[in-house]
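Asker: Sending over a structure as structure tokens; questions will come in a sec.
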Amino acid sequence: MKVAIIGAGAMGSLYGVYLASRHEVTLLDSYRPQVDAINQNGLTKVEKDDGETNVRVKAVPSGSGIGVQELVIVFVKSIHTKDAMQENRGLIGPDTIVMTLQNGAGNNRDIAAFVPRERIVVGTSSHNSVTVGPAKIFHSGCGPTNIGPEKPGEEGGRAVEKAAQALRACGLEVNVMENIQKILWSKLFVNCGVNALSALMQCKIGEVAGNPTLWKICTRIVYECVLVAEADGTYFDRKEALENVKKIILADADGYASMYQDRQHQRRTEIDKINGVVAGLAAEYGLDAPYNRMLVDLIHGVEQSW
């Protein structure tokens with residue numbers, strides 16, 4: 001397939017390495033040094049056992065005219081989704097499938113301004129990846145890619161199956177989920193509970209579960225999220241939700257959250273699309289989410305200190 005990945009950061013590059021083994025892949029990114037490094041040196045993936053894989057793959061500046069693609073995967077920060085889709089409208093044809101595996105909430109709605117909902121695939125990735133140099137990533141965590149249709153139905157089902165086949169052909173584990181909203185909320189619980197705390201404490205993911213005080217705070221964050229999810233129509237047992245968060249933390253204990261990486265590089269974070277979404281929905285439903293609201297304020301305070 002002709003595949004375009006919008007966003008050549010840690011996760012976009014990771015999927016680029018996998019997909020380039022079987023597909024014609026182009027990465028698009030607004031950061032020109034990263035584009036140049038990929039074209040000059042290829043993409044290098046480093047595993048936990050220090051094994052390295054290098055693949056040659058094409059990269060171009062975001063907005064470049066590379067023609068209509070069969071599959072577009074969006075991996076930019078959620079705060080940039082709408083702008084990235086606008087800039088790369090030329091990638092979208094009448095049969096193009098667009099898939100979002102981004103962190104945060106609301107990316108599907110931003111993409112739907114440019115693509116019919118029947119051709120949008122939404123999902124989450126259980127992989128974790130960290131940029132360790134130009135065009136070089138450390139693959140710190142593995143797991144399935146869970147996807148489902150933005151709009152259930154025959155056409156949405158076909159789009160999901162086509163995307164799943166494209167990923168599976170490259171050795172990626174893919175689960176097609178009927179209740180994708182439950183999966184999306186589950187991923188949001190993890191991001192809400194871990195990302196901001198890791199950034200504020202400047203610690204590895206595993207320390208959120210290993211530090212009793214941080215775990216107590218994480219627990220209260222997740223419980224707030226469960227209440228908001230229920231008000232929004234998706235139901236969870238809060239203890240099971242918390243155990244799932246802990247399981248994911250321990251599986252990637254040595255990794256670093258994306259928001260931590262943003263702080264290290266003094267980049268704007270996705271806090272408004274993560275804890276900010278929960279705090280906003282809580283207000284809409286007449287609930288209170290003080291821990292999520294406080295994290296939003298603290299992260300904004302860090303950003304403003306730059």
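Naming works like this for the structure tokens: A, B, ... for the chains as they're shown, residue 1 at the start of each chain, ligands 1 onward in shown order.
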Which neighbours of Gly171 in chain A fall inside 10 Å, counting only C-alpha atoms, when residues of the same chain fewer than 5 positions from it are skipped, and could you give them as a list in words?
Answerer: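 Final neighbour list, sorted by chain and number: Tyr18, Leu19, Ser21, Arg22 and Ala166 of chain A.
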Asker: Between A:Ala257, A:Leu101, A:Cys142, A:Val60, which has the minimum distance to Gln202 in chain A (counting only C-alpha atoms)?
Answerer: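 Ranked by minimum distance to Gln202 in chain A, first place goes to A:Ala257.
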Asker: Show which residues sit within 7 Å of Val208 in chain A, as a list in words. Count only C-alpha atoms, and ignore same-chain residues fewer than 6 positions away.
Answerer: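 Surrounding residues, per the criterion: Val194, Ser198, Leu214 and Trp215 of chain A.
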Asker: Write out the residues from the selection above, keeping C-alpha atoms, as a CSV table (one decimal), in the first residue's frame.
Answerer:
```csv
chain,number,residue,atom,x,y,z
A,194,VAL,CA,0.9,8.8,34.2
A,198,SER,CA,6.0,11.7,35.0
A,214,LEU,CA,2.6,9.2,43.4
A,215,TRP,CA,0.5,6.0,43.2
```
Asker: Mind checking DSSP for range 29-183 of chain A and telling me the alpha helix (DSSP H) residues as an MDAnalysis selection string?
Answerer: chainID A and resid 32:41 81:87 107:111 154:168 180:183
Asker: Enumerate as an MDAnalysis selection string all residues of range 85-201 of chain A assigned to strand (DSSP E) by DSSP on the backbone, naming them with the chain letters and numbers the document uses.
Answerer: chainID A and resid 97:100 120:125 128:133 136:141 145:149 174:176
Asker: What would the file look like if the residues just selected were written as a short mmCIF file (atom, residue, chain, number, x, y, z; two decimals), in the first residue's frame with N, CA, C and O atoms?
Answerer:
```cif
data_model
loop_
_atom_site.label_atom_id
_atom_site.label_comp_id
_atom_site.auth_asym_id
_atom_site.auth_seq_id
_atom_site.Cartn_x
_atom_site.Cartn_y
_atom_site.Cartn_z
N ILE A 97 -8.08 5.83 3.60
CA ILE A 97 -8.40 5.53 5.00
C ILE A 97 -7.46 6.34 5.88
O ILE A 97 -6.25 6.38 5.64
N VAL A 98 -8.01 6.99 6.88
CA VAL A 98 -7.20 7.76 7.82
C VAL A 98 -7.32 7.12 9.20
O VAL A 98 -8.44 6.91 9.70
N MET A 99 -6.19 6.82 9.79
CA MET A 99 -6.17 6.16 11.10
C MET A 99 -5.44 7.03 12.12
O MET A 99 -4.36 7.54 11.84
N THR A 100 -6.04 7.20 13.29
CA THR A 100 -5.39 7.90 14.38
C THR A 100 -5.07 6.93 15.50
O THR A 100 -5.95 6.22 15.99
N ILE A 120 -12.62 6.65 8.71
CA ILE A 120 -11.72 6.96 9.82
C ILE A 120 -11.63 5.74 10.74
O ILE A 120 -12.63 5.17 11.13
N VAL A 121 -10.41 5.36 11.03
CA VAL A 121 -10.13 4.26 11.96
C VAL A 121 -9.51 4.87 13.21
O VAL A 121 -8.56 5.66 13.13
N VAL A 122 -10.05 4.55 14.37
CA VAL A 122 -9.53 5.08 15.62
C VAL A 122 -8.97 3.94 16.46
O VAL A 122 -9.41 2.79 16.35
N GLY A 123 -7.97 4.26 17.26
CA GLY A 123 -7.40 3.19 18.06
C GLY A 123 -6.31 3.66 18.98
O GLY A 123 -6.06 4.86 19.15
N THR A 124 -5.66 2.69 19.59
CA THR A 124 -4.58 2.95 20.53
C THR A 124 -3.43 1.99 20.24
O THR A 124 -3.63 0.90 19.71
N SER A 125 -2.24 2.42 20.61
CA SER A 125 -1.07 1.57 20.48
C SER A 125 -0.52 1.27 21.86
O SER A 125 -0.40 2.16 22.70
N ASN A 128 5.58 1.65 23.10
CA ASN A 128 6.14 2.90 23.61
C ASN A 128 7.48 3.12 22.93
O ASN A 128 8.24 2.18 22.73
N SER A 129 7.75 4.36 22.56
CA SER A 129 8.97 4.68 21.83
C SER A 129 9.48 6.04 22.29
O SER A 129 8.69 6.94 22.58
N VAL A 130 10.80 6.17 22.36
CA VAL A 130 11.43 7.41 22.80
C VAL A 130 12.48 7.82 21.77
O VAL A 130 13.26 6.98 21.31
N THR A 131 12.49 9.09 21.40
CA THR A 131 13.52 9.59 20.50
C THR A 131 14.84 9.72 21.25
O THR A 131 14.90 10.34 22.31
N VAL A 132 15.89 9.13 20.71
CA VAL A 132 17.21 9.19 21.36
C VAL A 132 18.24 9.92 20.50
O VAL A 132 19.40 10.05 20.89
N GLY A 133 17.82 10.38 19.34
CA GLY A 133 18.71 11.11 18.46
C GLY A 133 18.00 11.36 17.14
O GLY A 133 16.90 10.86 16.92
N LYS A 136 16.52 8.36 15.22
CA LYS A 136 16.85 7.19 16.02
C LYS A 136 15.92 7.11 17.22
O LYS A 136 15.74 8.09 17.94
N ILE A 137 15.32 5.93 17.44
CA ILE A 137 14.34 5.75 18.51
C ILE A 137 14.70 4.53 19.35
O ILE A 137 15.32 3.59 18.87
N PHE A 138 14.29 4.59 20.61
CA PHE A 138 14.41 3.44 21.51
C PHE A 138 13.03 2.86 21.71
O PHE A 138 12.11 3.53 22.18
N HIS A 139 12.87 1.58 21.36
CA HIS A 139 11.59 0.88 21.44
C HIS A 139 11.48 0.29 22.84
O HIS A 139 11.93 -0.82 23.10
N SER A 140 10.84 1.03 23.76
CA SER A 140 10.86 0.67 25.17
C SER A 140 9.70 -0.21 25.62
O SER A 140 9.72 -0.74 26.73
N GLY A 141 8.67 -0.35 24.81
CA GLY A 141 7.51 -1.14 25.21
C GLY A 141 6.77 -1.70 24.02
O GLY A 141 6.66 -1.04 22.98
N THR A 145 -1.88 -3.29 18.86
CA THR A 145 -2.55 -2.10 18.36
C THR A 145 -4.04 -2.42 18.29
O THR A 145 -4.44 -3.37 17.60
N ASN A 146 -4.85 -1.68 19.03
CA ASN A 146 -6.28 -1.93 19.10
C ASN A 146 -7.02 -0.87 18.29
O ASN A 146 -6.86 0.33 18.54
N ILE A 147 -7.80 -1.30 17.31
CA ILE A 147 -8.47 -0.36 16.42
C ILE A 147 -9.93 -0.72 16.22
O ILE A 147 -10.35 -1.86 16.44
N GLY A 148 -10.68 0.28 15.80
CA GLY A 148 -12.09 0.08 15.50
C GLY A 148 -12.58 1.21 14.61
O GLY A 148 -11.87 2.19 14.38
N PRO A 149 -13.79 1.11 14.09
CA PRO A 149 -14.32 2.13 13.19
C PRO A 149 -14.82 3.36 13.95
O PRO A 149 -15.42 3.23 15.01
N VAL A 174 -2.51 -6.89 15.96
CA VAL A 174 -3.64 -5.98 15.84
C VAL A 174 -4.91 -6.66 16.35
O VAL A 174 -5.20 -7.80 16.00
N ASN A 175 -5.65 -5.94 17.18
CA ASN A 175 -6.97 -6.39 17.63
C ASN A 175 -8.02 -5.44 17.07
O ASN A 175 -7.92 -4.23 17.25
N VAL A 176 -9.00 -5.99 16.37
CA VAL A 176 -10.14 -5.19 15.89
C VAL A 176 -11.22 -5.26 16.96
O VAL A 176 -11.71 -6.35 17.29
#
```
Asker: Give the answer as one residue: which of A:Leu250, A:Leu14, A:Val277, A:Ala84 has the shortest atom-to-atom distance to Glu207 in chain A, using only C-alpha atoms?
Answerer: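 Among the listed residues, the smallest separation from Glu207 in chain A belongs to A:Leu250.
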Asker: Tell me which of A:Asp50, A:Glu70, A:Glu150, A:Asp36 sits closest to Met1 in chain A, counting only C-alpha atoms.
Answerer: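 Ranked by minimum distance to Met1 in chain A, first place goes to A:Glu70.
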Asker: Determine, counting only C-alpha atoms, which protein, DNA and RNA residues have an atom within 12 Å of an atom of Leu200 in chain A; residues of the same chain fewer than 2 positions away are not included. Present the result as number ranges by chain.
Answerer: A: 194-198, 202-205, 208, 214, 257, 259-264, 269, 271, 294-303
Asker: So that I can check the surroundings of Glu224 in chain A, please list as a PyMOL selection string every protein, DNA and RNA residue that reaches within 9 Å of it, counting only C-alpha atoms and ignoring chain neighbours fewer than 6 positions away.
Answerer: chain A and resi 278-279+282+288-292
Asker: Would you list the contacts of Gln69 in chain A as a list in words, taking every protein, DNA or RNA residue within 8 Å and counting only C-alpha atoms, but skipping same-chain residues closer than 6 positions in sequence?
Answerer: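 Here the qualifying residues turn out to be Lys2, Val3, Ala4, Leu91, Ile92, Gly93 and Thr96 of chain A.
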Asker: Within 12 Å of Thr81 in chain A, counting only C-alpha atoms, which residues qualify if same-chain residues fewer than 3 places away don't, as number ranges by chain?
Answerer: A: 6-7, 73-78, 84-88, 99-114, 270, 273
Asker: Using only C-alpha atoms, which residue out of A:Ala231, A:Ala163, A:Ala59, A:Cys192 lies closest to Arg32 in chain A?
Answerer: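 Closest to Arg32 in chain A, using only C-alpha atoms: A:Ala59.
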Asker: Measuring atom to atom with only C-alpha atoms, identify which of A:Leu27, A:Asn41, A:Gly65, A:Arg238 is nearest to Met11 in chain A.
Answerer: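 Among A:Leu27, A:Asn41, A:Gly65, A:Arg238, it is A:Leu27 that comes nearest to Met11 in chain A.
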Asker: Pick the closest to Pro144 in chain A from A:Ala229, A:Met177, A:Ala283, A:Val222: which is it, counting only C-alpha atoms?
Answerer: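 Under the stated criterion, the closest residue is A:Met177.
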